[in-house]
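Student: Sharing run_11.tsv here; it has TSV, C-alpha atoms and all ligand atoms.
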chain	number	residue	atom	x	y	z
A	263	MET	CA	20.92	2.19	5.20
A	264	ARG	CA	18.22	0.94	7.51
A	265	ARG	CA	18.18	-2.60	6.20
A	266	MET	CA	19.06	-4.59	3.13
A	267	ARG	CA	16.27	-5.08	0.62
A	268	GLU	CA	18.33	-7.96	-0.75
A	269	ASP	CA	17.27	-9.84	2.40
A	270	TYR	CA	13.71	-9.97	1.11
A	271	ARG	CA	12.48	-13.49	0.65
A	272	PRO	CA	9.10	-14.19	-0.87
A	273	GLY	CA	6.62	-14.88	1.89
A	274	SER	CA	9.02	-13.90	4.66
A	275	LYS	CA	7.43	-12.76	7.92
A	276	PRO	CA	7.92	-9.20	9.18
A	277	ARG	CA	11.24	-8.90	10.99
A	278	PRO	CA	10.94	-9.81	14.69
A	279	GLU	CA	12.42	-6.45	15.72
A	280	SER	CA	9.79	-4.47	13.82
A	281	PRO	CA	8.21	-1.83	16.08
A	282	PHE	CA	5.03	-1.82	13.99
A	283	LEU	CA	1.72	-3.65	14.26
A	284	ILE	CA	-0.39	-4.55	11.24
A	285	ARG	CA	-4.10	-5.36	11.42
A	286	ARG	CA	-7.21	-5.19	9.27
A	287	MET	CA	-9.23	-2.00	9.18
A	288	THR	CA	-12.69	-1.81	10.76
A	289	ARG	CA	-15.48	0.79	10.48
A	290	GLU	CA	-14.21	2.48	13.66
A	291	ASP	CA	-10.99	3.34	11.82
A	292	LEU	CA	-12.74	5.32	9.05
A	293	PRO	CA	-12.06	8.85	10.43
A	294	ALA	CA	-8.34	8.18	11.02
A	295	VAL	CA	-7.97	6.52	7.62
A	296	MET	CA	-9.71	9.46	5.92
A	297	ASP	CA	-7.19	11.83	7.54
A	298	LEU	CA	-4.31	9.72	6.25
A	299	GLU	CA	-5.82	9.55	2.75
A	300	LYS	CA	-6.25	13.33	2.62
A	301	ALA	CA	-2.67	13.91	3.75
A	302	SER	CA	-1.32	11.46	1.17
A	303	PHE	CA	-3.19	11.88	-2.12
A	304	ARG	CA	-4.32	14.64	-4.48
A	305	ASN	CA	-7.51	12.62	-5.02
A	306	PRO	CA	-8.11	10.83	-1.71
A	307	TRP	CA	-10.67	8.07	-1.46
A	308	SER	CA	-13.99	9.33	-0.13
A	309	PHE	CA	-15.56	8.20	3.14
A	310	GLU	CA	-18.29	6.39	1.16
A	311	LEU	CA	-15.81	4.59	-1.07
A	312	LEU	CA	-13.75	3.40	1.89
A	313	GLN	CA	-16.88	2.33	3.73
A	314	ARG	CA	-18.03	0.33	0.69
A	315	GLU	CA	-14.59	-1.21	0.35
A	316	LEU	CA	-14.92	-2.66	3.86
A	317	SER	CA	-17.96	-4.64	2.80
A	318	HIS	CA	-16.37	-6.32	-0.22
A	319	ASP	CA	-15.18	-9.90	0.30
A	320	TRP	CA	-12.37	-9.44	-2.19
A	321	SER	CA	-11.01	-6.28	-0.61
A	322	VAL	CA	-8.46	-6.15	2.20
A	323	ILE	CA	-7.36	-3.01	4.04
A	324	PHE	CA	-4.30	-3.27	6.27
A	325	LEU	CA	-3.42	-0.59	8.79
A	326	LEU	CA	0.07	-0.22	10.19
A	327	GLU	CA	0.26	1.25	13.67
A	328	GLU	CA	2.97	2.19	16.11
A	329	PRO	CA	2.48	1.62	19.84
A	330	LEU	CA	3.03	4.82	21.82
A	331	PRO	CA	5.12	4.91	25.03
A	332	GLU	CA	2.21	6.55	26.90
A	333	GLY	CA	-0.19	3.85	25.70
A	334	GLY	CA	-2.44	3.69	22.69
A	335	LYS	CA	-1.36	3.48	19.05
A	336	ARG	CA	-0.76	5.85	16.17
A	337	LEU	CA	-1.81	5.09	12.59
A	338	LEU	CA	1.19	5.42	10.26
A	339	GLY	CA	0.16	3.72	7.05
A	340	ILE	CA	-2.43	1.90	5.02
A	341	SER	CA	-2.55	-0.61	2.21
A	342	ILE	CA	-5.67	-1.40	0.20
A	343	PHE	CA	-5.71	-4.39	-2.12
A	344	TRP	CA	-8.01	-6.83	-3.84
A	345	ILE	CA	-7.60	-10.56	-4.04
A	346	VAL	CA	-9.34	-11.76	-7.18
A	347	HIS	CA	-8.74	-15.33	-8.34
A	348	ASP	CA	-4.96	-15.76	-8.23
A	349	GLU	CA	-4.09	-12.06	-8.32
A	350	VAL	CA	-3.31	-9.46	-5.67
A	351	HIS	CA	-4.19	-6.06	-7.10
A	352	VAL	CA	-2.67	-3.25	-5.03
A	353	LEU	CA	-4.89	-0.15	-5.12
A	354	ASN	CA	-3.43	2.11	-2.52
A	355	VAL	CA	-0.37	2.24	-0.24
A	356	ALA	CA	0.25	5.34	1.84
A	357	THR	CA	2.40	6.43	4.75
A	358	ALA	CA	1.61	9.49	6.88
A	359	PRO	CA	3.87	12.27	5.48
A	360	GLU	CA	5.72	12.87	8.74
A	361	HIS	CA	6.57	9.14	9.10
A	362	ARG	CA	7.97	8.42	5.63
A	363	ARG	CA	11.32	6.70	5.12
A	364	ARG	CA	10.91	4.65	8.31
A	365	GLY	CA	10.06	1.40	6.58
A	366	VAL	CA	6.27	1.73	6.89
A	367	GLY	CA	5.56	1.37	3.17
A	368	TRP	CA	7.93	-1.56	2.94
A	369	GLU	CA	6.29	-3.43	5.84
A	370	LEU	CA	2.83	-2.81	4.41
A	371	MET	CA	3.88	-4.13	1.01
A	372	GLU	CA	5.48	-7.15	2.62
A	373	ALA	CA	2.28	-7.89	4.56
A	374	THR	CA	0.18	-7.35	1.43
A	375	LEU	CA	2.25	-9.76	-0.66
A	376	ALA	CA	2.42	-12.29	2.19
A	377	GLU	CA	-1.39	-12.26	2.38
A	378	GLY	CA	-1.54	-12.91	-1.35
A	379	ARG	CA	0.82	-15.85	-1.06
A	380	THR	CA	-1.13	-17.28	1.87
A	381	ARG	CA	-4.25	-17.07	-0.28
A	382	LYS	CA	-2.54	-18.94	-3.12
A	383	CYS	CA	-2.17	-16.02	-5.51
A	384	SER	CA	0.41	-16.32	-8.25
A	385	LEU	CA	0.97	-12.67	-9.10
A	386	ALA	CA	0.54	-9.09	-7.92
A	387	THR	CA	-0.32	-6.11	-10.13
A	388	LEU	CA	-0.65	-2.36	-9.66
A	389	GLU	CA	-0.71	1.00	-11.41
A	390	VAL	CA	1.46	3.88	-10.31
A	391	ARG	CA	1.94	7.48	-11.49
A	392	LYS	CA	4.90	7.78	-13.81
A	393	SER	CA	6.29	10.61	-11.65
A	394	ASN	CA	5.94	8.72	-8.34
A	395	GLU	CA	9.57	7.82	-7.85
A	396	ALA	CA	9.13	6.90	-4.17
A	397	ALA	CA	6.41	4.35	-4.90
A	398	ILE	CA	8.12	2.97	-8.01
A	399	ASN	CA	11.31	2.39	-6.02
A	400	LEU	CA	9.33	0.74	-3.25
A	401	TYR	CA	7.63	-1.65	-5.68
A	402	LYS	CA	10.87	-2.40	-7.52
A	403	SER	CA	12.50	-3.36	-4.22
A	404	PHE	CA	9.99	-6.24	-4.07
A	405	GLY	CA	10.74	-7.30	-7.63
A	406	PHE	CA	7.82	-5.62	-9.40
A	407	ARG	CA	8.63	-4.87	-13.04
A	408	ALA	CA	7.06	-2.36	-15.41
A	409	VAL	CA	5.05	-4.13	-18.11
A	410	GLY	CA	3.13	-1.29	-19.74
A	411	VAL	CA	1.78	2.23	-19.69
A	412	ARG	CA	-1.81	3.48	-19.46
A	413	PRO	CA	-1.66	6.90	-21.14
A	414	ASN	CA	-3.37	9.82	-19.38
A	415	TYR	CA	-4.71	7.46	-16.69
A	416	TYR	CA	-4.69	10.02	-13.86
A	417	VAL	CA	-6.81	13.10	-14.45
A	418	ASP	CA	-6.57	15.82	-11.79
A	419	GLU	CA	-8.45	19.09	-11.89
A	420	GLY	CA	-6.25	21.91	-13.18
A	421	GLN	CA	-3.35	19.56	-13.97
A	422	PRO	CA	-2.25	17.87	-17.17
A	423	PRO	CA	-3.21	14.16	-17.21
A	424	GLU	CA	-0.50	11.73	-16.17
A	425	ASP	CA	0.39	8.26	-17.44
A	426	ALA	CA	0.23	5.19	-15.21
A	427	ILE	CA	2.96	2.58	-15.23
A	428	VAL	CA	1.55	-0.94	-14.92
A	429	MET	CA	3.74	-3.15	-12.73
A	430	VAL	CA	3.64	-6.89	-12.14
A	431	LEU	CA	5.28	-9.26	-9.68
A	432	ASP	CA	5.19	-13.00	-10.30
A	433	PHE	CA	5.30	-14.96	-7.04
B	501	LIG	C1	5.31	5.61	-1.55
B	501	LIG	C2	5.21	5.61	-0.04
B	501	LIG	C3	4.03	4.74	0.40
B	501	LIG	C4	6.51	5.05	0.57
B	501	LIG	O1	6.32	4.92	1.96
B	501	LIG	P1	7.50	4.97	3.05
B	501	LIG	O2	6.92	4.48	4.32
B	501	LIG	O3	8.14	6.30	3.06
B	501	LIG	O4	8.52	3.91	2.41
B	501	LIG	P2	9.71	3.12	3.15
B	501	LIG	O5	10.33	3.97	4.22
B	501	LIG	O6	9.22	1.79	3.57
B	501	LIG	O7	10.73	2.99	1.95
B	501	LIG	C5	10.89	1.76	1.25
B	501	LIG	C6	11.65	2.03	-0.03
B	501	LIG	O8	10.84	2.79	-0.94
B	501	LIG	C7	11.68	3.67	-1.70
B	501	LIG	N1	11.38	5.06	-1.35
B	501	LIG	C8	10.53	5.50	-0.38
B	501	LIG	N2	10.46	6.85	-0.38
B	501	LIG	C9	11.27	7.27	-1.37
B	501	LIG	C10	11.60	8.55	-1.89
B	501	LIG	N3	11.10	9.67	-1.35
B	501	LIG	N4	12.44	8.63	-2.95
B	501	LIG	C11	12.96	7.53	-3.51
B	501	LIG	N5	12.68	6.25	-3.07
B	501	LIG	C12	11.85	6.13	-2.01
B	501	LIG	C13	13.11	3.35	-1.29
B	501	LIG	O9	13.56	2.30	-2.12
B	501	LIG	C14	12.91	2.86	0.14
B	501	LIG	O10	13.97	2.06	0.61
B	501	LIG	P3	15.20	2.79	1.44
B	501	LIG	O11	14.57	3.61	2.52
B	501	LIG	O12	16.01	1.66	1.95
B	501	LIG	O13	15.90	3.64	0.42
B	501	LIG	C15	5.04	7.07	0.51
B	501	LIG	O14	6.01	7.91	-0.09
B	501	LIG	C16	3.66	7.67	0.30
B	501	LIG	O15	2.76	7.47	1.11
B	501	LIG	N6	3.46	8.42	-0.79
B	501	LIG	C17	2.17	9.10	-1.06
B	501	LIG	C18	1.11	8.10	-1.45
B	501	LIG	C19	1.51	7.34	-2.69
B	501	LIG	O16	1.95	7.93	-3.66
B	501	LIG	N7	1.34	6.00	-2.65
B	501	LIG	C20	1.71	5.12	-3.74
B	501	LIG	C21	0.72	5.08	-4.83
B	501	LIG	S1	-0.67	4.06	-4.49
Represent the supplied structure as structure tokens.

Tutor:
Amino acid sequence: MRRMREDYRPGSKPRPESPFLIRRMTREDLPAVMDLEKASFRNPWSFELLQRELSHDWSVIFLLEEPLPEGGKRLLGISIFWIVHDEVHVLNVATAPEHRRRGVGWELMEATLAEGRTRKCSLATLEVRKSNEAAINLYKSFGFRAVGVRPNYYVDEGQPPEDAIVMVLDF
């Protein structure tokens, strides 16, 4: 196993040996983020939606990048969340398909929750597809617990609707 989730401490900083860099998204990142969204989701966010998200005070978009040996950086993952009153609401976490199981999602979630704690939030919430075992495991590793179901929340063309599990983490 790459590392022990049991080591997770609320508000802990990314591990010093992490090879990844996390920063906030800017308008220049829109094309690369769109590519990542399309590779990750059946219903990716549109260019316009992402662009609008960048202008909202309550919205934060973190990008996780890997420095390349030849110089430059490669985008590996993204986390989109809102900070409203004392709540972090996680809307979107995605890792580029070819870079999954390298700890990208975990580092993005850690940075997302750390931002919430810094901004004096007291809880984090999210919805996740019932069938999304990878994401559910990721969220559970941070202590999120399932508190409810939104029936038929996800509606995809040509597919039966799917329930959302509502998860909450108290800080
Ligand atoms: C969910 C997702 C973000 C995880 O990203 P990732 O970078 O692969 O995750 P990590 O490598 O940091 O894994 C962290 C933990 O998540 C869980 N996990 C991740 N992928 C998993 C999988 N395929 N099956 C089961 N558990 C998984 C594990 O607990 C893992 O810890 P471990 O590697 O020690 O076992 C990624 O699978 C993804 O982008 N999925 C498509 C988009 C999506 O569904 N996003 C979530 C809904 S908003």

Student: Residues of chain A that approach ligand LIG 501 (chain B) to 8 Å or less, counting all atoms listed in the file: could you list each one with the shortest pair of atoms and its distance in Å to one decimal, rows by chain and increasing residue number, as a tab-separated table?

Tutor:
residue	atom	partner	partner_atom	distance
A:Met263	CA	B:LIG501	O12	5.9
A:Arg264	CA	B:LIG501	O12	6.0
A:Arg265	CA	B:LIG501	O12	6.4
A:Met266	CA	B:LIG501	O12	7.1
A:Arg267	CA	B:LIG501	O12	6.9
A:Ser302	CA	B:LIG501	C17	4.8
A:Phe303	CA	B:LIG501	C18	5.8
A:Gly339	CA	B:LIG501	O2	7.3
A:Val352	CA	B:LIG501	S1	7.6
A:Leu353	CA	B:LIG501	S1	6.0
A:Asn354	CA	B:LIG501	S1	3.9
A:Val355	CA	B:LIG501	S1	4.6
A:Ala356	CA	B:LIG501	O15	3.4
A:Thr357	CA	B:LIG501	O15	3.8
A:Ala358	CA	B:LIG501	O15	6.2
A:Pro359	CA	B:LIG501	O15	6.6
A:His361	CA	B:LIG501	O2	6.7
A:Arg362	CA	B:LIG501	O3	3.3
A:Arg363	CA	B:LIG501	O5	3.0
A:Arg364	CA	B:LIG501	O5	4.2
A:Gly365	CA	B:LIG501	O6	3.1
A:Val366	CA	B:LIG501	O2	3.8
A:Gly367	CA	B:LIG501	O2	3.6
A:Trp368	CA	B:LIG501	O6	3.6
A:Glu369	CA	B:LIG501	O6	6.4
A:Leu370	CA	B:LIG501	O6	7.9
A:Glu389	CA	B:LIG501	S1	7.6
A:Val390	CA	B:LIG501	C21	5.7
A:Arg391	CA	B:LIG501	C21	7.2
A:Asn394	CA	B:LIG501	O16	6.2
A:Glu395	CA	B:LIG501	C11	5.5
A:Ala396	CA	B:LIG501	C9	3.5
A:Ala397	CA	B:LIG501	C1	3.7
A:Ile398	CA	B:LIG501	C7	7.3
A:Asn399	CA	B:LIG501	O9	4.5
A:Leu400	CA	B:LIG501	O8	3.4
A:Tyr401	CA	B:LIG501	O8	7.2
A:Lys402	CA	B:LIG501	O9	7.6
A:Ser403	CA	B:LIG501	O9	6.1

Student: Would you mind exporting C-alpha atoms of the selected residues as a short mmCIF file (atom, residue, chain, number, x, y, z; two decimals), keeping the file's coordinate frame?

Tutor:
data_model
loop_
_atom_site.label_atom_id
_atom_site.label_comp_id
_atom_site.auth_asym_id
_atom_site.auth_seq_id
_atom_site.Cartn_x
_atom_site.Cartn_y
_atom_site.Cartn_z
CA MET A 263 20.92 2.19 5.20
CA ARG A 264 18.22 0.94 7.51
CA ARG A 265 18.18 -2.60 6.20
CA MET A 266 19.06 -4.59 3.13
CA ARG A 267 16.27 -5.08 0.62
CA SER A 302 -1.32 11.46 1.17
CA PHE A 303 -3.19 11.88 -2.12
CA GLY A 339 0.16 3.72 7.05
CA VAL A 352 -2.67 -3.25 -5.03
CA LEU A 353 -4.89 -0.15 -5.12
CA ASN A 354 -3.43 2.11 -2.52
CA VAL A 355 -0.37 2.24 -0.24
CA ALA A 356 0.25 5.34 1.84
CA THR A 357 2.40 6.43 4.75
CA ALA A 358 1.61 9.49 6.88
CA PRO A 359 3.87 12.27 5.48
CA HIS A 361 6.57 9.14 9.10
CA ARG A 362 7.97 8.42 5.63
CA ARG A 363 11.32 6.70 5.12
CA ARG A 364 10.91 4.65 8.31
CA GLY A 365 10.06 1.40 6.58
CA VAL A 366 6.27 1.73 6.89
CA GLY A 367 5.56 1.37 3.17
CA TRP A 368 7.93 -1.56 2.94
CA GLU A 369 6.29 -3.43 5.84
CA LEU A 370 2.83 -2.81 4.41
CA GLU A 389 -0.71 1.00 -11.41
CA VAL A 390 1.46 3.88 -10.31
CA ARG A 391 1.94 7.48 -11.49
CA ASN A 394 5.94 8.72 -8.34
CA GLU A 395 9.57 7.82 -7.85
CA ALA A 396 9.13 6.90 -4.17
CA ALA A 397 6.41 4.35 -4.90
CA ILE A 398 8.12 2.97 -8.01
CA ASN A 399 11.31 2.39 -6.02
CA LEU A 400 9.33 0.74 -3.25
CA TYR A 401 7.63 -1.65 -5.68
CA LYS A 402 10.87 -2.40 -7.52
CA SER A 403 12.50 -3.36 -4.22
#

Student: Taking (-7.6, 10.3, 5.4) in the file's coordinates as the center, which residues reach within 10 Å of it, counting all atoms listed in the file, put as a VMD selection string?

Tutor: chain A and resid 292 to 303 306 to 309 312 340 356 358

Student: One decimal, in Å: what's the spacing between atom CA of A:Leu316 and atom CA of A:Glu419?

Tutor: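 Result for atom CA of A:Leu316 versus atom CA of A:Glu419: 27.6 Å, one decimal.
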
Student: Measuring between all atoms listed in the file, which one of A:Leu338, A:Ile345, A:Val350, A:Met287 shows the shortest distance to A:Asp319?

Tutor: A:Ile345

Student: I'd like to know which of A:Lys392, A:Lys335, A:Lys382, A:His351 is closest to A:Pro423, using only C-alpha atoms.

Tutor: A:Lys392

Student: Can you tell me, as a list in words, what residues are no more than 9 Å from A:Arg412 when counting only C-alpha atoms, ignoring any on the same chain fewer than 4 positions away?

Tutor: Glu389, Glu424, Asp425, Ala426, Ile427 and Val428 of chain A

Student: Restricting it to C-alpha atoms, dump the selection as a tab-separated table (two decimals), keeping the file's coordinate frame.

Tutor:
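Saved file part-v6.tsv follows:
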chain	number	residue	atom	x	y	z
A	389	GLU	CA	-0.71	1.00	-11.41
A	424	GLU	CA	-0.50	11.73	-16.17
A	425	ASP	CA	0.39	8.26	-17.44
A	426	ALA	CA	0.23	5.19	-15.21
A	427	ILE	CA	2.96	2.58	-15.23
A	428	VAL	CA	1.55	-0.94	-14.92

Student: Go through A:Thr374, A:Arg289, A:Thr387, A:Val430 and flag the residue nearest A:Arg314, using all atoms listed in the file for the distances.

Tutor: A:Arg289

Student: If you measure from atom CA of A:Arg304 to atom CA of A:Asp418, what distance in Å do you get, rounded to one decimal?

Tutor: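 One can read the atom CA of A:Arg304 to atom CA of A:Asp418 distance as 7.7 Å.
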
Student: Can you work out which one of A:Ser393, A:Val322, A:Phe404, A:Leu375 has the shortest atom-to-atom distance to A:Tyr416, counting all atoms listed in the file?

Tutor: A:Ser393

Student: Find the distance between atom CA of A:Leu283 and atom CA of A:Ile323 and write it in Å to one decimal.

Tutor: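 Interatomic distance here is 13.7 Å.
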
Student: May I have the residues within 12 Å of A:Glu377 as an MDAnalysis selection string, using only C-alpha atoms and disregarding those fewer than 4 positions away in the same chain?

Tutor: chainID A and resid 272:276 284:286 321:324 341:345 348:352 370:373 381:386 433

Student: With N, CA and C atoms retained, output stretch 420-431 of chain A as a PDB file, in the first residue's frame.

Tutor:
ATOM      1  N   GLY A 420     -30.169   7.914 -22.419  1.00  0.00           N
ATOM      2  CA  GLY A 420     -30.053   6.506 -22.784  1.00  0.00           C
ATOM      3  C   GLY A 420     -29.714   5.569 -21.637  1.00  0.00           C
ATOM      4  N   GLN A 421     -29.673   6.078 -20.418  1.00  0.00           N
ATOM      5  CA  GLN A 421     -29.316   5.253 -19.252  1.00  0.00           C
ATOM      6  C   GLN A 421     -30.430   5.365 -18.216  1.00  0.00           C
ATOM      7  N   PRO A 422     -30.615   4.319 -17.401  1.00  0.00           N
ATOM      8  CA  PRO A 422     -31.572   4.486 -16.310  1.00  0.00           C
ATOM      9  C   PRO A 422     -31.037   5.517 -15.305  1.00  0.00           C
ATOM     10  N   PRO A 423     -31.925   6.284 -14.658  1.00  0.00           N
ATOM     11  CA  PRO A 423     -31.431   7.261 -13.675  1.00  0.00           C
ATOM     12  C   PRO A 423     -30.728   6.553 -12.519  1.00  0.00           C
ATOM     13  N   GLU A 424     -29.861   7.279 -11.860  1.00  0.00           N
ATOM     14  CA  GLU A 424     -29.091   6.670 -10.759  1.00  0.00           C
ATOM     15  C   GLU A 424     -29.206   7.511  -9.492  1.00  0.00           C
ATOM     16  N   ASP A 425     -29.299   6.830  -8.351  1.00  0.00           N
ATOM     17  CA  ASP A 425     -29.397   7.525  -7.066  1.00  0.00           C
ATOM     18  C   ASP A 425     -28.067   8.192  -6.705  1.00  0.00           C
ATOM     19  N   ALA A 426     -28.172   9.259  -5.924  1.00  0.00           N
ATOM     20  CA  ALA A 426     -26.980   9.868  -5.322  1.00  0.00           C
ATOM     21  C   ALA A 426     -26.956   9.519  -3.839  1.00  0.00           C
ATOM     22  N   ILE A 427     -25.765   9.226  -3.346  1.00  0.00           N
ATOM     23  CA  ILE A 427     -25.569   9.085  -1.908  1.00  0.00           C
ATOM     24  C   ILE A 427     -25.103  10.446  -1.399  1.00  0.00           C
ATOM     25  N   VAL A 428     -25.739  10.942  -0.357  1.00  0.00           N
ATOM     26  CA  VAL A 428     -25.313  12.204   0.257  1.00  0.00           C
ATOM     27  C   VAL A 428     -24.345  11.857   1.378  1.00  0.00           C
ATOM     28  N   MET A 429     -23.166  12.483   1.340  1.00  0.00           N
ATOM     29  CA  MET A 429     -22.152  12.193   2.375  1.00  0.00           C
ATOM     30  C   MET A 429     -21.765  13.475   3.108  1.00  0.00           C
ATOM     31  N   VAL A 430     -21.445  13.308   4.382  1.00  0.00           N
ATOM     32  CA  VAL A 430     -21.100  14.452   5.232  1.00  0.00           C
ATOM     33  C   VAL A 430     -19.862  14.124   6.048  1.00  0.00           C
ATOM     34  N   LEU A 431     -19.033  15.145   6.233  1.00  0.00           N
ATOM     35  CA  LEU A 431     -17.883  15.032   7.144  1.00  0.00           C
ATOM     36  C   LEU A 431     -17.942  16.210   8.106  1.00  0.00           C
TER      37      LEU A 431
END
